[in-house]
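S.K.: After the structure tokens below, expect a handful of questions from me.
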Amino acid sequence: MEPSAKDSVQVFGKKKTAIAVAICKRGKGLIKVNGRPVNQLEPEILRAKVLEPVQLLGQARFAEVDIRIRVKGGGPTAQIYAIRQAIAKSLVAYYQKYIDEQSKKEIKNLLLNYDRSLLVADPRRCEPKKFGGRSARARFQKSYR
């Protein structure tokens with residue numbers, strides 16, 4: 001298949017209520033989150049978490065693609081985890097669609113062996129509060145007098 005400038009894939013990453021939508025297209029290695037470069041991401045401590053897929057797969061695989069990410073919902077930590085999942089999933093989808101199946105399988109196996117949450121969303125959600133108590137499981141203390 002002949003490479004074109006319009007080659008792009010759209011993928012999402014989720015964690016709790018945070019949703020990150022990544023658009024991966026042919027480019028020169030840019031990764032931007034909400035219009036800002038990924039190395040300006042806050043909180044600074046979790047910036048390394050976002051860059052894990054890049055460090056794991058090597059800068060060479062990201063050199064010919066641009067990834068733009070829009071993220072909303074959730075808290076700062078959940079957003080970071082949603083972003084890292086979106087980055088990993090977008091590269092796998094791009095390689096599957098526009099490059100070859102062999103290199104896609106290689107990337108996918110590397111990511112899954114390192115951390116499954118890079119490609120598979122965590123299904124855990126917050127449990128709703130019920131009546132008769134102050135939280136989802138805790139009940140009010142019983143009194144007989």
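Residue numbering restarts at 1 for every chain of the structure tokens, chains are lettered A, B, ... in their displayed order, and ligands are numbered from 1 as they appear.
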Neighbouring residues of region 108-114 of chain A were defined as those with any atom within 12 Å, considering only C-alpha atoms; residues of the same chain fewer than 2 positions away were excluded. Please report them as an MDAnalysis selection string.

M.R.: chainID A and resid 52:58 84:85 87:96 101:106 116:120

S.K.: Rounded to one decimal place, report the CA of Val33 (chain A)-CA of Ala86 (chain A) distance in Å.

M.R.: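 Value for the CA of Val33 (chain A)-CA of Ala86 (chain A) distance: 10.8 Å.
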
S.K.: Please identify the helix (DSSP H, G or I) residues within region 7-143 of chain A (assignment by DSSP from backbone atoms) and present them as a count of residues only.

M.R.: 60

S.K.: Have a look at A:Gly133, A:Lys142, A:Ile83, A:Arg61 and name the one nearest to Gly29 (chain A); count only C-alpha atoms.

M.R.: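 With only C-alpha atoms as the atom set, the closest residue is A:Arg61.
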
S.K.: Nearest to Ala18 (chain A) among A:Lys97, A:Arg139, A:Arg125, A:Lys32, with distances taken over only C-alpha atoms: which residue is it?

M.R.: A:Arg125

S.K.: Between A:Val11, A:Ile19, A:Ile69, A:Ala136, single out the one closest to Leu41 (chain A), counting only C-alpha atoms.

M.R.: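 Counting only C-alpha atoms, the residue closest to Leu41 (chain A) is A:Ile69.
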
S.K.: With a distance cut-off of 9 Å and only C-alpha atoms, select the neighbouring residues of Val38 (chain A), excluding the residue or stretch itself and same-chain residues fewer than 6 positions from it, and output the selection as an mmCIF file with N, CA, C and O atoms, in the first residue's frame.

M.R.:
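And here's around32.cif as it stands now:
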data_model
loop_
_atom_site.group_PDB
_atom_site.id
_atom_site.type_symbol
_atom_site.label_atom_id
_atom_site.label_comp_id
_atom_site.auth_asym_id
_atom_site.auth_seq_id
_atom_site.Cartn_x
_atom_site.Cartn_y
_atom_site.Cartn_z
ATOM 1 N N LEU A 30 5.829 13.829 16.675
ATOM 2 C CA LEU A 30 5.216 14.691 17.687
ATOM 3 C C LEU A 30 4.215 13.903 18.523
ATOM 4 O O LEU A 30 3.467 13.089 17.994
ATOM 5 N N ILE A 31 4.204 14.164 19.834
ATOM 6 C CA ILE A 31 3.141 13.638 20.689
ATOM 7 C C ILE A 31 2.609 14.832 21.480
ATOM 8 O O ILE A 31 3.332 15.429 22.266
ATOM 9 N N LYS A 32 1.339 15.194 21.226
ATOM 10 C CA LYS A 32 0.739 16.344 21.910
ATOM 11 C C LYS A 32 -0.514 15.933 22.658
ATOM 12 O O LYS A 32 -1.305 15.133 22.173
ATOM 13 N N ARG A 47 4.644 11.909 34.561
ATOM 14 C CA ARG A 47 5.047 12.107 33.158
ATOM 15 C C ARG A 47 5.785 10.881 32.623
ATOM 16 O O ARG A 47 5.624 10.493 31.468
ATOM 17 N N VAL A 50 3.454 8.264 31.205
ATOM 18 C CA VAL A 50 2.955 8.544 29.854
ATOM 19 C C VAL A 50 3.992 8.144 28.811
ATOM 20 O O VAL A 50 3.655 7.644 27.743
ATOM 21 N N LEU A 51 5.263 8.354 29.131
ATOM 22 C CA LEU A 51 6.329 8.075 28.167
ATOM 23 C C LEU A 51 6.770 6.612 28.158
ATOM 24 O O LEU A 51 7.646 6.246 27.383
#

S.K.: Need the shell around Val71 (chain A): protein/DNA/RNA residues with any atom at most 7 Å away, counting only C-alpha atoms. Skip same-chain ones fewer than 5 positions apart. Format as an MDAnalysis selection string?

M.R.: chainID A and resid 19:21 34 79

S.K.: Near Ile45 (chain A), within 12 Å and counting only C-alpha atoms, which residues show up once chain neighbours fewer than 6 positions away are dropped, as a ChimeraX atom specification?

M.R.: /A:39,51,76-77,80

S.K.: Figure out the distance between CA of Gln40 (chain A) and CA of Asp122 (chain A), please, to one decimal in Å.

M.R.: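 One can read the CA of Asp122 (chain A) to CA of Gln40 (chain A) distance as 26.0 Å.
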
S.K.: Which residue is closest to Arg70 (chain A)? Choose from A:Ile99, A:Ala48, A:Ile107, A:Cys24 and count only C-alpha atoms.

M.R.: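 Comparing A:Ile99, A:Ala48, A:Ile107, A:Cys24 against Arg70 (chain A), the winner is A:Cys24.
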
S.K.: For CA of Leu46 (chain A) and CA of Cys126 (chain A), quote the distance in Å rounded to one decimal.

M.R.: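 CA of Cys126 (chain A) lies at a distance of 22.3 Å from CA of Leu46 (chain A).
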